[in-house]
Amino acid sequence: MQAGELPRLFFLERSDFVLQLCTLASGSSGNSLLVSDGATHILVDAGISCRRITTALKGLGVAPASLSAVLITHEHTDHISGLTTLTKQRKVPVYASRGTGRQLCYRIAFLEEVLHSFTPGECFSIGSIDIETFPTPHDAAESTGYALSAGGRKAAVVTDLGHVTEAVEAGIRGANLLVAEANHDVEWLRSGPYPYFLKDRILGDRGHLSNEAGAALVCSAVSAGTSAVVLAHLSHENNTPERARQVVGDSLTRMGAVPGQDVLLDVAPRSEPGRRYTV
């Protein structure tokens, strides 16, 4: 995808050797996105209802029965709320770290029948898509980030982390498209209505990235060649799409990568599918 090019609005056939991504929902109330190369269709997280997932897939031209797998980043409700019904109805394979998998099995009956566990840092393939996994620092059992590659193109998904580690930097390196967290404005959070313990959790090293921390991660990725960025997991109470875009866009401009000219910068919608990106 060239800098500033609008995402294509359809999924291509596998023979075109491209990778496509679409967020289905992104925020504290639910998270899920689809990555596809036309032959293999993979969800990252299932934090919205199964009905919303299947409706979104049909809207993208993907039959729910053709879903290849679900990758789970961690066990918090806004990332797994649709997983019980999805696995019951579709028997879709679920991939999660060993720590996350144990937590999921406590909550979802018979999940072990479709669960594939791994240690973050391991790589594997699902159909025609290669998966890289890496640990992320979050207050969960064993939180994981993912990079998905096909046809020489790579998309990385990294949200729900309190700070950026070397493992995260390594995991997103070489990504053509990056889905990155920009959860909150620090001052808005500090002066807002949340109780102290929740503010402390969000601001901690195992919480969520602020706009400024997300901007630093994005700038690092763009300096290494990333050409498209989607900001994700924005707080409804402590952020706005406009604020996140402004902070990250200003940081990119200062480093000489002007959004809309040198890099595509977008924000994932909270409650509905976003644009479809061809990588």
# chains A, B, ... in the order shown; residues from 1 in each chain; ligands from 1
>>> select_by_dssp(residues="range 113-248 of chain A", states="helix (DSSP H, G or I)", output="PyMOL selection string")
chain A and resi 113+166-172+186-191+196-203+211-223+241-248
>>> residues_around(residues="Ile172 in chain A", least_positions_apart="6", cutoff="9 Å", atoms="only C-alpha atoms", output="list in words")
Gly145, Tyr146, Ala147, Lys154, Ala155, Ala156, Val157, Val158, Leu178 and Ala221 of chain A
>>> atom_distance(atom1="CA of Val229 in chain A", atom2="CA of Leu60 in chain A")
20.5 Å
>>> select_by_dssp(residues="range 57-129 of chain A", states="strand (DSSP E or B)", output="list in words")
Ala69, Val70, Leu71, Val94, Tyr95, Ala96, Ser97, Leu115, His116, Ser117, Phe118, Pro120, Glu122, Cys123, Phe124, Ser125, Ile126 and Ile129 of chain A
>>> write_last_selection(atoms="N, CA, C and O atoms", output="JSON list (two decimals), in the first residue's frame")
[["chain", "number", "residue", "atom", "x", "y", "z"],
["A", 69, "ALA", "N", -9.20, -19.66, 12.37],
["A", 69, "ALA", "CA", -8.72, -19.71, 13.75],
["A", 69, "ALA", "C", -9.03, -18.39, 14.44],
["A", 69, "ALA", "O", -9.33, -17.38, 13.79],
["A", 70, "VAL", "N", -8.95, -18.41, 15.77],
["A", 70, "VAL", "CA", -9.00, -17.21, 16.59],
["A", 70, "VAL", "C", -7.73, -17.15, 17.42],
["A", 70, "VAL", "O", -7.39, -18.12, 18.11],
["A", 71, "LEU", "N", -7.02, -16.05, 17.34],
["A", 71, "LEU", "CA", -5.86, -15.80, 18.20],
["A", 71, "LEU", "C", -6.32, -14.92, 19.36],
["A", 71, "LEU", "O", -6.91, -13.87, 19.13],
["A", 94, "VAL", "N", -8.75, -22.33, 18.53],
["A", 94, "VAL", "CA", -8.36, -21.17, 19.34],
["A", 94, "VAL", "C", -6.90, -21.30, 19.70],
["A", 94, "VAL", "O", -6.46, -22.34, 20.21],
["A", 95, "TYR", "N", -6.14, -20.24, 19.47],
["A", 95, "TYR", "CA", -4.72, -20.21, 19.80],
["A", 95, "TYR", "C", -4.50, -19.17, 20.90],
["A", 95, "TYR", "O", -4.98, -18.03, 20.80],
["A", 96, "ALA", "N", -3.80, -19.57, 21.94],
["A", 96, "ALA", "CA", -3.51, -18.67, 23.06],
["A", 96, "ALA", "C", -2.26, -19.15, 23.77],
["A", 96, "ALA", "O", -1.89, -20.33, 23.69],
["A", 97, "SER", "N", -1.60, -18.24, 24.46],
["A", 97, "SER", "CA", -0.45, -18.64, 25.26],
["A", 97, "SER", "C", -0.89, -19.64, 26.32],
["A", 97, "SER", "O", -2.08, -19.75, 26.65],
["A", 115, "LEU", "N", -8.39, -25.92, 21.72],
["A", 115, "LEU", "CA", -7.33, -25.00, 22.13],
["A", 115, "LEU", "C", -5.95, -25.48, 21.68],
["A", 115, "LEU", "O", -5.60, -26.65, 21.86],
["A", 116, "HIS", "N", -5.18, -24.55, 21.13],
["A", 116, "HIS", "CA", -3.79, -24.78, 20.77],
["A", 116, "HIS", "C", -2.95, -23.79, 21.57],
["A", 116, "HIS", "O", -3.10, -22.57, 21.39],
["A", 117, "SER", "N", -2.09, -24.30, 22.44],
["A", 117, "SER", "CA", -1.31, -23.43, 23.32],
["A", 117, "SER", "C", 0.12, -23.28, 22.83],
["A", 117, "SER", "O", 0.66, -24.16, 22.15],
["A", 118, "PHE", "N", 0.73, -22.17, 23.18],
["A", 118, "PHE", "CA", 2.11, -21.90, 22.80],
["A", 118, "PHE", "C", 2.77, -21.03, 23.88],
["A", 118, "PHE", "O", 2.09, -20.47, 24.75],
["A", 120, "PRO", "N", 4.79, -17.54, 24.34],
["A", 120, "PRO", "CA", 5.07, -16.33, 23.57],
["A", 120, "PRO", "C", 6.53, -16.28, 23.11],
["A", 120, "PRO", "O", 7.44, -16.53, 23.89],
["A", 122, "GLU", "N", 7.15, -18.10, 20.27],
["A", 122, "GLU", "CA", 7.09, -19.16, 19.29],
["A", 122, "GLU", "C", 6.41, -18.67, 18.01],
["A", 122, "GLU", "O", 5.60, -17.73, 18.02],
["A", 123, "CYS", "N", 6.73, -19.35, 16.90],
["A", 123, "CYS", "CA", 6.12, -19.06, 15.61],
["A", 123, "CYS", "C", 5.45, -20.31, 15.08],
["A", 123, "CYS", "O", 5.88, -21.43, 15.37],
["A", 124, "PHE", "N", 4.39, -20.14, 14.31],
["A", 124, "PHE", "CA", 3.69, -21.26, 13.71],
["A", 124, "PHE", "C", 2.90, -20.74, 12.51],
["A", 124, "PHE", "O", 2.86, -19.53, 12.26],
["A", 125, "SER", "N", 2.28, -21.64, 11.79],
["A", 125, "SER", "CA", 1.48, -21.27, 10.63],
["A", 125, "SER", "C", 0.06, -21.76, 10.80],
["A", 125, "SER", "O", -0.18, -22.83, 11.37],
["A", 126, "ILE", "N", -0.88, -20.98, 10.31],
["A", 126, "ILE", "CA", -2.28, -21.37, 10.22],
["A", 126, "ILE", "C", -2.66, -21.22, 8.75],
["A", 126, "ILE", "O", -2.69, -20.10, 8.23],
["A", 129, "ILE", "N", -1.03, -18.44, 6.34],
["A", 129, "ILE", "CA", -0.54, -17.27, 7.08],
["A", 129, "ILE", "C", 0.43, -17.72, 8.17],
["A", 129, "ILE", "O", 0.15, -18.64, 8.94]]
>>> residues_around(residues="Arg153 in chain A", least_positions_apart="6", cutoff="8 Å", atoms="only C-alpha atoms", output="ChimeraX atom specification")
/A:18-19,175-176,279
>>> residues_around(residues="Arg270 in chain A", least_positions_apart="2", cutoff="6 Å", atoms="only C-alpha atoms", output="list in words")
Ala25, Ser26 and Gly27 of chain A
>>> residues_around(residues="range 36-51 of chain A", least_positions_apart="5", cutoff="8 Å", atoms="only C-alpha atoms", output="short mmCIF file (atom, residue, chain, number, x, y, z; two decimals) with all heavy atoms, in the first residue's frame")
data_model
loop_
_atom_site.label_atom_id
_atom_site.label_comp_id
_atom_site.auth_asym_id
_atom_site.auth_seq_id
_atom_site.Cartn_x
_atom_site.Cartn_y
_atom_site.Cartn_z
N PHE A 11 -12.18 -8.01 -0.23
CA PHE A 11 -11.14 -9.00 -0.01
C PHE A 11 -10.77 -9.64 -1.34
O PHE A 11 -11.63 -10.03 -2.13
CB PHE A 11 -11.60 -10.06 1.00
CG PHE A 11 -11.46 -9.58 2.40
CD1 PHE A 11 -12.53 -9.01 3.05
CD2 PHE A 11 -10.24 -9.65 3.05
CE1 PHE A 11 -12.39 -8.54 4.34
CE2 PHE A 11 -10.10 -9.18 4.33
CZ PHE A 11 -11.17 -8.63 4.98
N LEU A 12 -9.47 -9.73 -1.59
CA LEU A 12 -8.98 -10.24 -2.86
C LEU A 12 -8.81 -11.76 -2.80
O LEU A 12 -8.77 -12.35 -1.73
CB LEU A 12 -7.64 -9.59 -3.20
CG LEU A 12 -7.66 -8.06 -3.29
CD1 LEU A 12 -6.26 -7.56 -3.60
CD2 LEU A 12 -8.63 -7.58 -4.36
N GLU A 13 -8.67 -12.37 -3.95
CA GLU A 13 -8.40 -13.80 -4.00
C GLU A 13 -6.97 -14.09 -3.58
O GLU A 13 -6.08 -13.23 -3.69
CB GLU A 13 -8.64 -14.32 -5.42
CG GLU A 13 -10.09 -14.20 -5.89
CD GLU A 13 -11.05 -14.96 -4.99
OE1 GLU A 13 -10.67 -16.06 -4.53
OE2 GLU A 13 -12.17 -14.47 -4.75
N ARG A 14 -6.74 -15.31 -3.12
CA ARG A 14 -5.40 -15.69 -2.63
C ARG A 14 -4.33 -15.51 -3.70
O ARG A 14 -3.19 -15.20 -3.40
CB ARG A 14 -5.43 -17.16 -2.17
CG ARG A 14 -4.10 -17.68 -1.63
CD ARG A 14 -3.69 -16.94 -0.36
NE ARG A 14 -2.37 -17.36 0.08
CZ ARG A 14 -1.25 -16.78 -0.27
NH1 ARG A 14 -1.26 -15.76 -1.10
NH2 ARG A 14 -0.09 -17.21 0.20
N PHE A 17 -1.82 -12.60 -3.63
CA PHE A 17 -0.75 -12.57 -2.65
C PHE A 17 -0.70 -11.26 -1.87
O PHE A 17 0.30 -10.56 -1.83
CB PHE A 17 0.61 -12.83 -3.33
CG PHE A 17 0.75 -14.25 -3.82
CD1 PHE A 17 0.58 -14.54 -5.15
CD2 PHE A 17 1.02 -15.28 -2.94
CE1 PHE A 17 0.69 -15.84 -5.61
CE2 PHE A 17 1.14 -16.58 -3.37
CZ PHE A 17 0.96 -16.87 -4.73
N VAL A 18 -1.81 -10.93 -1.26
CA VAL A 18 -1.85 -9.77 -0.39
C VAL A 18 -2.39 -10.19 0.96
O VAL A 18 -2.95 -11.27 1.14
CB VAL A 18 -2.75 -8.65 -0.97
CG1 VAL A 18 -2.17 -8.11 -2.27
CG2 VAL A 18 -4.17 -9.13 -1.15
N LEU A 19 -2.22 -9.31 1.94
CA LEU A 19 -2.75 -9.51 3.28
C LEU A 19 -3.71 -8.37 3.55
O LEU A 19 -3.40 -7.21 3.25
CB LEU A 19 -1.60 -9.50 4.28
CG LEU A 19 -1.84 -10.08 5.67
CD1 LEU A 19 -2.11 -11.58 5.58
CD2 LEU A 19 -0.64 -9.82 6.57
N GLN A 20 -4.87 -8.69 4.09
CA GLN A 20 -5.85 -7.66 4.38
C GLN A 20 -6.28 -7.74 5.84
O GLN A 20 -6.30 -8.80 6.44
CB GLN A 20 -7.07 -7.80 3.45
CG GLN A 20 -6.70 -7.59 1.99
CD GLN A 20 -7.90 -7.41 1.10
OE1 GLN A 20 -8.93 -8.06 1.30
NE2 GLN A 20 -7.78 -6.56 0.12
N LEU A 21 -6.63 -6.57 6.38
CA LEU A 21 -7.00 -6.46 7.80
C LEU A 21 -8.18 -5.53 7.93
O LEU A 21 -8.26 -4.50 7.25
CB LEU A 21 -5.81 -5.95 8.61
CG LEU A 21 -5.99 -5.79 10.13
CD1 LEU A 21 -4.67 -6.07 10.86
CD2 LEU A 21 -6.49 -4.39 10.49
N ALA A 25 -14.23 -4.25 15.94
CA ALA A 25 -14.54 -3.37 17.07
C ALA A 25 -13.24 -3.14 17.82
O ALA A 25 -12.37 -4.01 17.83
CB ALA A 25 -15.60 -3.97 17.98
N SER A 29 -14.95 -1.67 25.43
CA SER A 29 -16.18 -2.46 25.44
C SER A 29 -16.12 -3.68 24.55
O SER A 29 -17.06 -4.48 24.54
CB SER A 29 -17.36 -1.58 25.00
OG SER A 29 -17.13 -1.05 23.70
N GLY A 30 -15.04 -3.86 23.79
CA GLY A 30 -14.91 -5.05 22.97
C GLY A 30 -13.91 -4.88 21.85
O GLY A 30 -13.83 -3.81 21.23
N ASN A 31 -13.14 -5.96 21.59
CA ASN A 31 -12.08 -5.90 20.59
C ASN A 31 -12.07 -7.16 19.74
O ASN A 31 -12.15 -8.28 20.26
CB ASN A 31 -10.71 -5.77 21.28
CG ASN A 31 -10.60 -4.50 22.09
OD1 ASN A 31 -10.22 -3.46 21.58
ND2 ASN A 31 -10.95 -4.57 23.36
N VAL A 62 -16.83 -12.85 3.98
CA VAL A 62 -16.19 -14.04 4.55
C VAL A 62 -17.26 -14.89 5.23
O VAL A 62 -17.92 -14.44 6.17
CB VAL A 62 -15.09 -13.66 5.56
CG1 VAL A 62 -14.51 -14.90 6.22
CG2 VAL A 62 -13.99 -12.85 4.88
N SER A 66 -15.95 -20.48 7.25
CA SER A 66 -14.60 -20.56 6.68
C SER A 66 -13.54 -19.96 7.59
O SER A 66 -12.36 -19.92 7.22
CB SER A 66 -14.57 -19.86 5.32
OG SER A 66 -14.69 -18.46 5.46
N LEU A 67 -13.94 -19.50 8.78
CA LEU A 67 -12.98 -18.92 9.71
C LEU A 67 -11.95 -19.97 10.09
O LEU A 67 -12.28 -21.08 10.51
CB LEU A 67 -13.72 -18.42 10.96
CG LEU A 67 -12.94 -17.52 11.92
CD1 LEU A 67 -12.51 -16.23 11.22
CD2 LEU A 67 -13.81 -17.19 13.14
N SER A 68 -10.67 -19.63 9.95
CA SER A 68 -9.60 -20.60 10.15
C SER A 68 -9.18 -20.75 11.60
O SER A 68 -8.81 -21.85 12.04
CB SER A 68 -8.38 -20.21 9.31
OG SER A 68 -8.72 -20.02 7.95
N ALA A 69 -9.20 -19.66 12.37
CA ALA A 69 -8.72 -19.71 13.75
C ALA A 69 -9.03 -18.39 14.44
O ALA A 69 -9.33 -17.38 13.79
CB ALA A 69 -7.22 -19.98 13.80
N VAL A 70 -8.95 -18.41 15.77
CA VAL A 70 -9.00 -17.21 16.59
C VAL A 70 -7.73 -17.15 17.42
O VAL A 70 -7.39 -18.12 18.11
CB VAL A 70 -10.22 -17.20 17.53
CG1 VAL A 70 -10.28 -15.88 18.31
CG2 VAL A 70 -11.52 -17.40 16.76
N LEU A 71 -7.02 -16.05 17.34
CA LEU A 71 -5.86 -15.80 18.20
C LEU A 71 -6.32 -14.92 19.36
O LEU A 71 -6.91 -13.87 19.13
CB LEU A 71 -4.75 -15.08 17.42
CG LEU A 71 -4.29 -15.68 16.10
CD1 LEU A 71 -3.19 -14.80 15.49
CD2 LEU A 71 -3.78 -17.09 16.29
N ILE A 72 -6.04 -15.33 20.57
CA ILE A 72 -6.45 -14.57 21.75
C ILE A 72 -5.22 -13.90 22.37
O ILE A 72 -4.22 -14.57 22.66
CB ILE A 72 -7.14 -15.47 22.79
CG1 ILE A 72 -8.41 -16.09 22.20
CG2 ILE A 72 -7.47 -14.69 24.06
CD1 ILE A 72 -9.48 -15.10 21.82
N THR A 73 -5.31 -12.60 22.58
CA THR A 73 -4.19 -11.88 23.18
C THR A 73 -4.12 -12.10 24.69
O THR A 73 -3.04 -12.29 25.24
CB THR A 73 -4.29 -10.37 22.89
OG1 THR A 73 -5.52 -9.86 23.44
CG2 THR A 73 -4.22 -10.10 21.40
N THR A 77 -12.31 -9.71 29.58
CA THR A 77 -13.62 -9.88 28.97
C THR A 77 -13.76 -9.16 27.64
O THR A 77 -14.40 -9.67 26.71
CB THR A 77 -14.71 -9.40 29.95
OG1 THR A 77 -14.61 -10.13 31.17
CG2 THR A 77 -16.10 -9.59 29.36
N ASP A 78 -13.17 -7.98 27.52
CA ASP A 78 -13.33 -7.22 26.28
C ASP A 78 -12.54 -7.82 25.11
O ASP A 78 -12.55 -7.28 24.00
CB ASP A 78 -12.94 -5.75 26.49
CG ASP A 78 -11.51 -5.55 26.97
OD1 ASP A 78 -11.04 -6.36 27.79
OD2 ASP A 78 -10.86 -4.59 26.53
N HIS A 79 -11.91 -8.98 25.35
CA HIS A 79 -11.20 -9.68 24.28
C HIS A 79 -11.72 -11.10 24.06
O HIS A 79 -11.31 -11.75 23.09
CB HIS A 79 -9.70 -9.73 24.58
CG HIS A 79 -9.07 -8.38 24.56
ND1 HIS A 79 -8.37 -7.89 23.47
CD2 HIS A 79 -9.06 -7.38 25.48
CE1 HIS A 79 -7.95 -6.67 23.73
NE2 HIS A 79 -8.37 -6.33 24.94
N ILE A 80 -12.64 -11.55 24.93
CA ILE A 80 -13.10 -12.95 24.79
C ILE A 80 -14.61 -13.12 24.95
O ILE A 80 -15.11 -14.24 24.96
CB ILE A 80 -12.40 -13.88 25.81
CG1 ILE A 80 -12.83 -13.53 27.24
CG2 ILE A 80 -10.89 -13.83 25.65
CD1 ILE A 80 -12.51 -14.61 28.26
N SER A 81 -15.39 -12.04 25.06
CA SER A 81 -16.80 -12.18 25.43
C SER A 81 -17.61 -12.99 24.42
O SER A 81 -18.63 -13.59 24.78
CB SER A 81 -17.44 -10.79 25.62
OG SER A 81 -17.42 -10.06 24.41
N GLY A 82 -17.18 -13.04 23.16
CA GLY A 82 -17.90 -13.82 22.17
C GLY A 82 -17.33 -15.20 21.93
O GLY A 82 -17.85 -15.96 21.10
N LEU A 83 -16.27 -15.55 22.66
CA LEU A 83 -15.54 -16.78 22.36
C LEU A 83 -16.34 -18.04 22.72
O LEU A 83 -16.28 -19.03 21.98
CB LEU A 83 -14.20 -16.78 23.10
CG LEU A 83 -13.22 -17.88 22.71
CD1 LEU A 83 -12.85 -17.79 21.23
CD2 LEU A 83 -11.95 -17.80 23.58
N THR A 85 -19.63 -18.71 22.66
CA THR A 85 -20.62 -19.04 21.64
C THR A 85 -19.94 -19.36 20.31
O THR A 85 -20.36 -20.28 19.59
CB THR A 85 -21.61 -17.88 21.46
OG1 THR A 85 -22.22 -17.58 22.71
CG2 THR A 85 -22.68 -18.23 20.45
N LEU A 86 -18.89 -18.63 19.99
CA LEU A 86 -18.20 -18.86 18.71
C LEU A 86 -17.62 -20.26 18.65
O LEU A 86 -17.78 -20.97 17.63
CB LEU A 86 -17.09 -17.82 18.53
CG LEU A 86 -16.39 -17.79 17.18
CD1 LEU A 86 -17.36 -17.40 16.07
CD2 LEU A 86 -15.20 -16.82 17.21
N ILE A 126 -0.88 -20.98 10.31
CA ILE A 126 -2.28 -21.37 10.22
C ILE A 126 -2.66 -21.22 8.75
O ILE A 126 -2.69 -20.10 8.23
CB ILE A 126 -3.18 -20.51 11.11
CG1 ILE A 126 -2.77 -20.63 12.58
CG2 ILE A 126 -4.64 -20.90 10.93
CD1 ILE A 126 -3.50 -19.67 13.50
N GLY A 127 -2.90 -22.34 8.08
CA GLY A 127 -3.16 -22.27 6.66
C GLY A 127 -1.99 -21.62 5.94
O GLY A 127 -0.83 -22.02 6.10
N SER A 128 -2.28 -20.58 5.18
CA SER A 128 -1.25 -19.90 4.38
C SER A 128 -0.69 -18.66 5.06
O SER A 128 0.06 -17.89 4.45
CB SER A 128 -1.83 -19.53 3.01
OG SER A 128 -3.10 -18.90 3.16
N ILE A 129 -1.03 -18.44 6.34
CA ILE A 129 -0.54 -17.27 7.08
C ILE A 129 0.43 -17.72 8.17
O ILE A 129 0.15 -18.64 8.94
CB ILE A 129 -1.71 -16.48 7.70
CG1 ILE A 129 -2.59 -15.89 6.58
CG2 ILE A 129 -1.20 -15.36 8.60
CD1 ILE A 129 -3.77 -15.08 7.09
N ALA A 150 1.94 -12.98 5.12
CA ALA A 150 1.60 -13.79 3.94
C ALA A 150 2.04 -13.02 2.71
O ALA A 150 1.96 -11.79 2.67
CB ALA A 150 0.11 -14.09 3.87
#
>>> residues_around(residues="Val230 in chain A", least_positions_apart="5", cutoff="7 Å", atoms="only C-alpha atoms", output="PDB file with N, CA, C and O atoms, in the first residue's frame")
ATOM      1  N   LEU A 178       0.665  -1.593  11.114  1.00  0.00           N
ATOM      2  CA  LEU A 178       0.719  -1.751  12.563  1.00  0.00           C
ATOM      3  C   LEU A 178      -0.597  -1.300  13.174  1.00  0.00           C
ATOM      4  O   LEU A 178      -1.050  -0.177  12.934  1.00  0.00           O
ATOM      5  N   VAL A 179      -1.218  -2.177  13.964  1.00  0.00           N
ATOM      6  CA  VAL A 179      -2.349  -1.812  14.807  1.00  0.00           C
ATOM      7  C   VAL A 179      -1.780  -1.593  16.201  1.00  0.00           C
ATOM      8  O   VAL A 179      -1.300  -2.532  16.845  1.00  0.00           O
ATOM      9  N   ALA A 180      -1.801  -0.342  16.655  1.00  0.00           N
ATOM     10  CA  ALA A 180      -1.097   0.036  17.881  1.00  0.00           C
ATOM     11  C   ALA A 180      -2.033   0.715  18.865  1.00  0.00           C
ATOM     12  O   ALA A 180      -2.945   1.455  18.477  1.00  0.00           O
ATOM     13  N   LEU A 265      -2.322   7.140   8.501  1.00  0.00           N
ATOM     14  CA  LEU A 265      -2.649   7.124   9.926  1.00  0.00           C
ATOM     15  C   LEU A 265      -4.157   7.122  10.075  1.00  0.00           C
ATOM     16  O   LEU A 265      -4.842   8.018   9.582  1.00  0.00           O
ATOM     17  N   ASP A 266      -4.686   6.114  10.760  1.00  0.00           N
ATOM     18  CA  ASP A 266      -6.126   5.970  10.915  1.00  0.00           C
ATOM     19  C   ASP A 266      -6.433   5.596  12.359  1.00  0.00           C
ATOM     20  O   ASP A 266      -5.532   5.230  13.134  1.00  0.00           O
ATOM     21  N   VAL A 267      -7.705   5.671  12.736  1.00  0.00           N
ATOM     22  CA  VAL A 267      -8.165   5.296  14.068  1.00  0.00           C
ATOM     23  C   VAL A 267      -9.277   4.267  13.913  1.00  0.00           C
ATOM     24  O   VAL A 267     -10.236   4.480  13.153  1.00  0.00           O
ATOM     25  N   ALA A 268      -9.180   3.156  14.615  1.00  0.00           N
ATOM     26  CA  ALA A 268     -10.189   2.102  14.532  1.00  0.00           C
ATOM     27  C   ALA A 268     -11.475   2.549  15.221  1.00  0.00           C
ATOM     28  O   ALA A 268     -11.435   3.067  16.343  1.00  0.00           O
TER      29      ALA A 268
END
>>> atom_distance(atom1="CA of Trp188 in chain A", atom2="CA of Ala228 in chain A")
27.2 Å
>>> decode(residues="range 56-79 of chain A", atoms="N, CA and C atoms", output="compact mmCIF listing (two decimals), in the first residue's frame")
# COMPACT_ATOMS: atom_id res chain seq x y z
N ALA A 56 -20.39 -9.18 10.93
CA ALA A 56 -19.27 -8.43 10.35
C ALA A 56 -18.54 -9.25 9.31
N LEU A 57 -18.33 -10.53 9.59
CA LEU A 57 -17.64 -11.39 8.61
C LEU A 57 -18.44 -11.47 7.31
N LYS A 58 -19.74 -11.65 7.41
CA LYS A 58 -20.57 -11.71 6.21
C LYS A 58 -20.50 -10.41 5.44
N GLY A 59 -20.45 -9.29 6.16
CA GLY A 59 -20.33 -8.00 5.50
C GLY A 59 -19.02 -7.83 4.75
N LEU A 60 -18.00 -8.57 5.18
CA LEU A 60 -16.69 -8.54 4.52
C LEU A 60 -16.59 -9.59 3.42
N GLY A 61 -17.65 -10.35 3.22
CA GLY A 61 -17.61 -11.39 2.21
C GLY A 61 -16.94 -12.66 2.67
N VAL A 62 -16.83 -12.85 3.98
CA VAL A 62 -16.19 -14.04 4.55
C VAL A 62 -17.26 -14.89 5.23
N ALA A 63 -17.45 -16.11 4.76
CA ALA A 63 -18.41 -17.00 5.40
C ALA A 63 -17.91 -17.38 6.79
N PRO A 64 -18.73 -17.22 7.83
CA PRO A 64 -18.28 -17.58 9.18
C PRO A 64 -17.75 -19.00 9.28
N ALA A 65 -18.31 -19.92 8.51
CA ALA A 65 -17.86 -21.32 8.54
C ALA A 65 -16.44 -21.48 8.00
N SER A 66 -15.95 -20.48 7.25
CA SER A 66 -14.60 -20.56 6.68
C SER A 66 -13.54 -19.96 7.59
N LEU A 67 -13.94 -19.50 8.78
CA LEU A 67 -12.98 -18.92 9.71
C LEU A 67 -11.95 -19.97 10.09
N SER A 68 -10.67 -19.63 9.95
CA SER A 68 -9.60 -20.60 10.15
C SER A 68 -9.18 -20.75 11.60
N ALA A 69 -9.20 -19.66 12.37
CA ALA A 69 -8.72 -19.71 13.75
C ALA A 69 -9.03 -18.39 14.44
N VAL A 70 -8.95 -18.41 15.77
CA VAL A 70 -9.00 -17.21 16.59
C VAL A 70 -7.73 -17.15 17.42
N LEU A 71 -7.02 -16.05 17.34
CA LEU A 71 -5.86 -15.80 18.20
C LEU A 71 -6.32 -14.92 19.36
N ILE A 72 -6.04 -15.33 20.57
CA ILE A 72 -6.45 -14.57 21.75
C ILE A 72 -5.22 -13.90 22.37
N THR A 73 -5.31 -12.60 22.58
CA THR A 73 -4.19 -11.88 23.18
C THR A 73 -4.12 -12.10 24.69
N HIS A 74 -5.28 -12.09 25.37
CA HIS A 74 -5.33 -12.33 26.81
C HIS A 74 -6.78 -12.53 27.21
N GLU A 75 -7.00 -12.86 28.47
CA GLU A 75 -8.30 -13.37 28.91
C GLU A 75 -9.26 -12.32 29.42
N HIS A 76 -8.98 -11.05 29.32
CA HIS A 76 -9.92 -10.03 29.79
C HIS A 76 -11.19 -10.05 28.94
N THR A 77 -12.31 -9.71 29.58
CA THR A 77 -13.62 -9.88 28.97
C THR A 77 -13.76 -9.16 27.64
N ASP A 78 -13.17 -7.98 27.52
CA ASP A 78 -13.33 -7.22 26.28
C ASP A 78 -12.54 -7.82 25.11
N HIS A 79 -11.91 -8.98 25.35
CA HIS A 79 -11.20 -9.68 24.28
C HIS A 79 -11.72 -11.10 24.06
